[in-house]
Amino acid sequence: MLKQSLQLKLSQKLSPQQIQLMKLIQLPTLAFEQRLKEELIENPALETGKENETQEVDDFDNDFEDYDNERIEAEDINIDEYLSDDETPDYKLQSNNYSKDDDEYEMPIIAHESFHQDLLNQLNTFMLSEGDRKIAEFLVGSIDDMGYLRRETQDIVDDLAFTQGIYTDEETVEKILLIVQELEPAGVGARDLQECLLLQLKNKTQTDAIDLATEIIADQFDAFTKKHYDKLLQKYGVSKEALRNAIDEIEKLNPKPGGSYIGNDRAVEHVIPDFTIKINEGELELLLNGRNAPELHVSKDYQEMLQTYKESGKSSNAQKDAVQFIKQKLDGAKWFIDAIKQRQETLFVTMHAIVEYQEEYFLTGDETKLKPMILKDIADLVGLDISTVSRVANSKYVDTPYGTKLIKNFFSEAMVNDQGEEVSTIEIKKILQNIIGDEDKKKPYPDDKLADLLKEKGYPIARRTVAKYREQLDIPVARMRKRI
């Protein structure tokens, strides 16, 4: 039997302006600056910077809303609404919490070669036949950004034949790979971690510690990675001090030789703090980065164009089209200026609420003082949607006396301690980190012991929760933390 039912759905559609505003709020400082540059290029009625002679545009008449679907006749536009004799623009956005030095923010351009180009340049210092050089260049091109050659030799032989027309064999490729592995940084061109470490040890001045380290990596790599130190002591018949010295030499090696290359052309993220928190005489002071508060105003030239039309009294089709265009640009400029102002206010009130909520932490820098705080807590304080608070928290950084922090990291769920008090999961993680930091590395604590120690301190959490927090802190299991 078929049933018919009628479901009513209540949905709210966001206007294009609201969507654009949310996107503006989400942008961190550098991305916001790029968005501002794009808007200045696209809308000639919008200008930035200080000008001695500027005129304001009064509030626009809201009757003119749909420019794409409805033709607005020039004679229907009240031009006086777009003009004002007031010399002080209301829409200039200023910030009084940054110095002139903040204006000098151009990012220096660094000219550098890529990781692979540097390897090719080094290759040019070797005397190679034309055929061998082509194979060597192909091998360099097959090395990943971490410095590894993660391909089977036979696959390279096949690719050389199919893609380069070079017919060779595995023995020749292996021989030329030895030349590639002589390039800097040491360890480049290795097929796996073991080979990478051996290549680096080979380049070091030979000492007893280096000799033992080389033997361990070459013959007992599995025992080393699993930290079976008793087995290594028995195998080599050395003292604990000798083994410790050898392991210290291994730990100085770089497991990712390509990743540390200063000229690597991988993307580098530049973090510009969106806020700054200072402590003045025991009081917290919150500042919004001045780069988020540009000085904007409506173009004087565009206002004069409308004034000229008004004085001419003509209404040709060309002039109607010109007025239509000017009006759209002026409306767009006015909206963008208002949106920037609203973005500033949203960022500031949200961060101000976070600072007040976590005042004890910002005054001390002690992460155990961070209170449980979720997005809804701040949304309720400032009267904004949770999604808006999320946009501020997820993409913004704050410069504090204790370093530059991602705002979302101040949010955490609550847990109840043995006193029935709510505590932040961040607090528990910090205490867990301290316990592990103070442990005897010869006998590191397993997760169940860590759970017992936390319980003794008043935090009754399960072993599996300890394991989860430990992993989130990037701390390995007890066996991997063991030292000789």
# chains A, B, ... in the order shown; residues from 1 in each chain; ligands from 1
call {"tool": "residues_around", "arguments": {"residues": "Thr368 (chain A)", "least_positions_apart": "6", "cutoff": "10 Å", "atoms": "only C-alpha atoms", "output": "PyMOL selection string"}}
result
chain A and resi 360-361+423-431
call {"tool": "write_last_selection", "arguments": {"atoms": "N, CA and C atoms", "output": "PDB file, in the first residue's frame"}}
result
ATOM      1  N   GLU A 360      43.146  33.423  33.173  1.00  0.00           N
ATOM      2  CA  GLU A 360      44.189  32.869  34.034  1.00  0.00           C
ATOM      3  C   GLU A 360      45.322  32.283  33.209  1.00  0.00           C
ATOM      4  N   TYR A 361      44.981  31.615  32.105  1.00  0.00           N
ATOM      5  CA  TYR A 361      46.028  31.064  31.239  1.00  0.00           C
ATOM      6  C   TYR A 361      46.858  32.173  30.603  1.00  0.00           C
ATOM      7  N   VAL A 423      37.398  19.744  34.455  1.00  0.00           N
ATOM      8  CA  VAL A 423      38.751  20.147  34.057  1.00  0.00           C
ATOM      9  C   VAL A 423      38.883  19.978  32.550  1.00  0.00           C
ATOM     10  N   SER A 424      39.793  20.736  31.971  1.00  0.00           N
ATOM     11  CA  SER A 424      40.001  20.696  30.529  1.00  0.00           C
ATOM     12  C   SER A 424      40.823  19.477  30.139  1.00  0.00           C
ATOM     13  N   THR A 425      40.512  18.896  28.999  1.00  0.00           N
ATOM     14  CA  THR A 425      41.327  17.792  28.488  1.00  0.00           C
ATOM     15  C   THR A 425      42.738  18.285  28.178  1.00  0.00           C
ATOM     16  N   ILE A 426      42.884  19.573  27.876  1.00  0.00           N
ATOM     17  CA  ILE A 426      44.218  20.141  27.648  1.00  0.00           C
ATOM     18  C   ILE A 426      45.036  20.061  28.927  1.00  0.00           C
ATOM     19  N   GLU A 427      44.380  20.329  30.069  1.00  0.00           N
ATOM     20  CA  GLU A 427      45.063  20.245  31.358  1.00  0.00           C
ATOM     21  C   GLU A 427      45.567  18.832  31.607  1.00  0.00           C
ATOM     22  N   ILE A 428      44.721  17.839  31.312  1.00  0.00           N
ATOM     23  CA  ILE A 428      45.104  16.445  31.532  1.00  0.00           C
ATOM     24  C   ILE A 428      46.269  16.070  30.612  1.00  0.00           C
ATOM     25  N   LYS A 429      46.226  16.506  29.363  1.00  0.00           N
ATOM     26  CA  LYS A 429      47.307  16.204  28.421  1.00  0.00           C
ATOM     27  C   LYS A 429      48.621  16.821  28.899  1.00  0.00           C
ATOM     28  N   LYS A 430      48.542  18.034  29.434  1.00  0.00           N
ATOM     29  CA  LYS A 430      49.762  18.694  29.917  1.00  0.00           C
ATOM     30  C   LYS A 430      50.351  17.931  31.084  1.00  0.00           C
ATOM     31  N   ILE A 431      49.515  17.477  32.003  1.00  0.00           N
ATOM     32  CA  ILE A 431      49.997  16.704  33.157  1.00  0.00           C
ATOM     33  C   ILE A 431      50.578  15.369  32.692  1.00  0.00           C
TER      34      ILE A 431
END
call {"tool": "residues_around", "arguments": {"residues": "Thr225 (chain A)", "least_positions_apart": "3", "cutoff": "12 Å", "atoms": "only C-alpha atoms", "output": "number ranges by chain"}}
result
A: 193-194, 216-217, 219-222, 228-229, 232, 247, 250-251, 479-483
call {"tool": "closest_residue", "arguments": {"among": "A:Val157, A:Val349, A:Ala246, A:Ala213", "to": "Leu288 (chain A)", "atoms": "only C-alpha atoms"}}
result
A:Val349
call {"tool": "closest_residue", "arguments": {"among": "A:Leu406, A:Val271, A:Val298, A:Ile435", "to": "Thr29 (chain A)", "atoms": "only C-alpha atoms"}}
result
A:Val271
call {"tool": "residues_around", "arguments": {"residues": "Leu201 (chain A)", "least_positions_apart": "6", "cutoff": "10 Å", "atoms": "only C-alpha atoms", "output": "ChimeraX atom specification"}}
result
/A:186-187,195,210-211,213-214,217,249-250,253
call {"tool": "write_last_selection", "arguments": {"atoms": "C-alpha atoms", "output": "short mmCIF file (atom, residue, chain, number, x, y, z; two decimals), in the first residue's frame"}}
result
data_model
loop_
_atom_site.label_atom_id
_atom_site.label_comp_id
_atom_site.auth_asym_id
_atom_site.auth_seq_id
_atom_site.Cartn_x
_atom_site.Cartn_y
_atom_site.Cartn_z
CA ALA A 186 74.31 12.93 2.78
CA GLY A 187 71.76 10.14 2.62
CA GLU A 195 70.39 2.67 3.65
CA ILE A 210 80.71 5.55 14.46
CA ASP A 211 82.09 2.07 13.72
CA ALA A 213 76.79 2.58 14.99
CA THR A 214 77.51 1.39 11.44
CA ILE A 217 72.47 -0.25 11.50
CA GLU A 249 75.59 9.21 16.89
CA ILE A 250 72.68 7.47 15.13
CA LEU A 253 71.43 11.56 11.70
#
call {"tool": "residues_around", "arguments": {"residues": "region 272-278 of chain A", "least_positions_apart": "2", "cutoff": "6 Å", "atoms": "only C-alpha atoms", "output": "PyMOL selection string"}}
result
chain A and resi 29+284-289+396-400
call {"tool": "write_last_selection", "arguments": {"atoms": "all heavy atoms", "output": "mmCIF file, in the first residue's frame"}}
result
data_model
loop_
_atom_site.group_PDB
_atom_site.id
_atom_site.type_symbol
_atom_site.label_atom_id
_atom_site.label_comp_id
_atom_site.auth_asym_id
_atom_site.auth_seq_id
_atom_site.Cartn_x
_atom_site.Cartn_y
_atom_site.Cartn_z
ATOM 1 N N THR A 29 45.071 36.711 8.099
ATOM 2 C CA THR A 29 45.556 38.023 7.672
ATOM 3 C C THR A 29 46.099 38.045 6.253
ATOM 4 O O THR A 29 45.730 38.911 5.441
ATOM 5 C CB THR A 29 46.644 38.508 8.651
ATOM 6 O OG1 THR A 29 46.054 38.638 9.950
ATOM 7 C CG2 THR A 29 47.195 39.859 8.236
ATOM 8 N N LEU A 284 45.587 42.300 30.959
ATOM 9 C CA LEU A 284 45.694 41.816 29.579
ATOM 10 C C LEU A 284 45.237 42.885 28.597
ATOM 11 O O LEU A 284 44.225 43.557 28.809
ATOM 12 C CB LEU A 284 44.848 40.553 29.396
ATOM 13 C CG LEU A 284 45.318 39.309 30.156
ATOM 14 C CD1 LEU A 284 44.294 38.191 30.029
ATOM 15 C CD2 LEU A 284 46.674 38.836 29.644
ATOM 16 N N GLU A 285 45.999 43.021 27.518
ATOM 17 C CA GLU A 285 45.640 43.973 26.465
ATOM 18 C C GLU A 285 45.562 43.222 25.146
ATOM 19 O O GLU A 285 46.519 42.560 24.736
ATOM 20 C CB GLU A 285 46.685 45.085 26.373
ATOM 21 C CG GLU A 285 46.390 46.116 25.297
ATOM 22 C CD GLU A 285 47.469 47.175 25.182
ATOM 23 O OE1 GLU A 285 48.457 47.113 25.951
ATOM 24 O OE2 GLU A 285 47.341 48.055 24.314
ATOM 25 N N LEU A 286 44.417 43.302 24.495
ATOM 26 C CA LEU A 286 44.196 42.612 23.223
ATOM 27 C C LEU A 286 44.260 43.602 22.076
ATOM 28 O O LEU A 286 43.589 44.643 22.098
ATOM 29 C CB LEU A 286 42.834 41.904 23.221
ATOM 30 C CG LEU A 286 42.414 41.257 21.896
ATOM 31 C CD1 LEU A 286 43.350 40.110 21.533
ATOM 32 C CD2 LEU A 286 40.977 40.766 21.970
ATOM 33 N N LEU A 287 45.061 43.298 21.071
ATOM 34 C CA LEU A 287 45.205 44.158 19.897
ATOM 35 C C LEU A 287 44.883 43.361 18.636
ATOM 36 O O LEU A 287 45.296 42.207 18.498
ATOM 37 C CB LEU A 287 46.631 44.712 19.797
ATOM 38 C CG LEU A 287 47.188 45.432 21.030
ATOM 39 C CD1 LEU A 287 48.653 45.784 20.810
ATOM 40 C CD2 LEU A 287 46.385 46.684 21.307
ATOM 41 N N LEU A 288 44.151 43.964 17.728
ATOM 42 C CA LEU A 288 43.896 43.372 16.413
ATOM 43 C C LEU A 288 44.997 43.828 15.476
ATOM 44 O O LEU A 288 45.323 45.024 15.422
ATOM 45 C CB LEU A 288 42.529 43.817 15.884
ATOM 46 C CG LEU A 288 42.154 43.352 14.468
ATOM 47 C CD1 LEU A 288 42.013 41.839 14.419
ATOM 48 C CD2 LEU A 288 40.850 44.018 14.017
ATOM 49 N N ASN A 289 45.602 42.893 14.761
ATOM 50 C CA ASN A 289 46.661 43.244 13.813
ATOM 51 C C ASN A 289 46.193 44.363 12.892
ATOM 52 O O ASN A 289 45.147 44.270 12.252
ATOM 53 C CB ASN A 289 47.039 42.000 12.985
ATOM 54 C CG ASN A 289 48.283 42.218 12.139
ATOM 55 O OD1 ASN A 289 48.524 43.305 11.635
ATOM 56 N ND2 ASN A 289 49.071 41.175 11.999
ATOM 57 N N LYS A 396 42.732 31.470 12.715
ATOM 58 C CA LYS A 396 43.409 32.661 13.227
ATOM 59 C C LYS A 396 44.460 32.304 14.279
ATOM 60 O O LYS A 396 44.313 31.346 15.027
ATOM 61 C CB LYS A 396 42.392 33.632 13.850
ATOM 62 C CG LYS A 396 41.229 34.014 12.942
ATOM 63 C CD LYS A 396 41.679 34.841 11.750
ATOM 64 C CE LYS A 396 40.503 35.330 10.933
ATOM 65 N NZ LYS A 396 39.665 34.248 10.403
ATOM 66 N N TYR A 397 45.482 33.130 14.312
ATOM 67 C CA TYR A 397 46.562 32.956 15.275
ATOM 68 C C TYR A 397 46.644 34.179 16.182
ATOM 69 O O TYR A 397 46.283 35.289 15.787
ATOM 70 C CB TYR A 397 47.903 32.787 14.558
ATOM 71 C CG TYR A 397 48.071 31.446 13.876
ATOM 72 C CD1 TYR A 397 47.544 31.222 12.594
ATOM 73 C CD2 TYR A 397 48.755 30.398 14.493
ATOM 74 C CE1 TYR A 397 47.704 29.994 11.963
ATOM 75 C CE2 TYR A 397 48.918 29.176 13.875
ATOM 76 C CZ TYR A 397 48.388 28.981 12.611
ATOM 77 O OH TYR A 397 48.548 27.771 11.998
ATOM 78 N N VAL A 398 47.146 33.961 17.391
ATOM 79 C CA VAL A 398 47.328 35.060 18.342
ATOM 80 C C VAL A 398 48.752 35.009 18.874
ATOM 81 O O VAL A 398 49.272 33.950 19.228
ATOM 82 C CB VAL A 398 46.300 34.992 19.499
ATOM 83 C CG1 VAL A 398 46.386 33.664 20.236
ATOM 84 C CG2 VAL A 398 46.494 36.154 20.468
ATOM 85 N N ASP A 399 49.393 36.168 18.869
ATOM 86 C CA ASP A 399 50.744 36.294 19.410
ATOM 87 C C ASP A 399 50.636 36.576 20.903
ATOM 88 O O ASP A 399 50.093 37.603 21.309
ATOM 89 C CB ASP A 399 51.483 37.434 18.698
ATOM 90 C CG ASP A 399 52.915 37.575 19.177
ATOM 91 O OD1 ASP A 399 53.440 36.599 19.721
ATOM 92 O OD2 ASP A 399 53.495 38.668 19.012
ATOM 93 N N THR A 400 51.118 35.660 21.723
ATOM 94 C CA THR A 400 51.042 35.799 23.176
ATOM 95 C C THR A 400 52.455 35.916 23.741
ATOM 96 O O THR A 400 53.440 35.647 23.041
ATOM 97 C CB THR A 400 50.338 34.582 23.808
ATOM 98 O OG1 THR A 400 51.251 33.475 23.816
ATOM 99 C CG2 THR A 400 49.085 34.198 23.042
#
call {"tool": "select_by_dssp", "arguments": {"residues": "region 153-282 of chain A", "states": "strand (DSSP E)", "output": "count of residues only"}}
result
6
call {"tool": "select_by_dssp", "arguments": {"residues": "region 276-367 of chain A", "states": "alpha helix (DSSP H)", "output": "ChimeraX atom specification"}}
result
/A:300-312,317-357,359-364
call {"tool": "residues_around", "arguments": {"residues": "region 380-383 of chain A", "least_positions_apart": "4", "cutoff": "7 Å", "atoms": "only C-alpha atoms", "output": "mmCIF file with N, CA and C atoms, in the first residue's frame"}}
result
data_model
loop_
_atom_site.group_PDB
_atom_site.id
_atom_site.type_symbol
_atom_site.label_atom_id
_atom_site.label_comp_id
_atom_site.auth_asym_id
_atom_site.auth_seq_id
_atom_site.Cartn_x
_atom_site.Cartn_y
_atom_site.Cartn_z
ATOM 1 N N VAL A 349 35.514 41.023 19.017
ATOM 2 C CA VAL A 349 34.639 40.640 20.132
ATOM 3 C C VAL A 349 34.778 39.154 20.444
ATOM 4 N N THR A 350 35.005 38.343 19.394
ATOM 5 C CA THR A 350 35.174 36.904 19.624
ATOM 6 C C THR A 350 36.451 36.625 20.401
ATOM 7 N N ALA A 353 36.276 37.765 24.033
ATOM 8 C CA ALA A 353 35.549 36.826 24.887
ATOM 9 C C ALA A 353 36.433 35.637 25.258
ATOM 10 N N LYS A 376 30.299 26.762 21.734
ATOM 11 C CA LYS A 376 29.023 27.298 22.206
ATOM 12 C C LYS A 376 29.217 28.269 23.375
#
call {"tool": "residues_around", "arguments": {"residues": "Gly259 (chain A)", "least_positions_apart": "3", "cutoff": "8 Å", "atoms": "only C-alpha atoms", "output": "ChimeraX atom specification"}}
result
/A:145-147,256,264
call {"tool": "residues_around", "arguments": {"residues": "Lys329 (chain A)", "least_positions_apart": "3", "cutoff": "10 Å", "atoms": "only C-alpha atoms", "output": "PyMOL selection string"}}
result
chain A and resi 42-46+298-299+302+323-326+332-335
call {"tool": "atom_distance", "arguments": {"atom1": "CA of Met351 (chain A)", "atom2": "CA of Met415 (chain A)"}}
result
24.1 Å
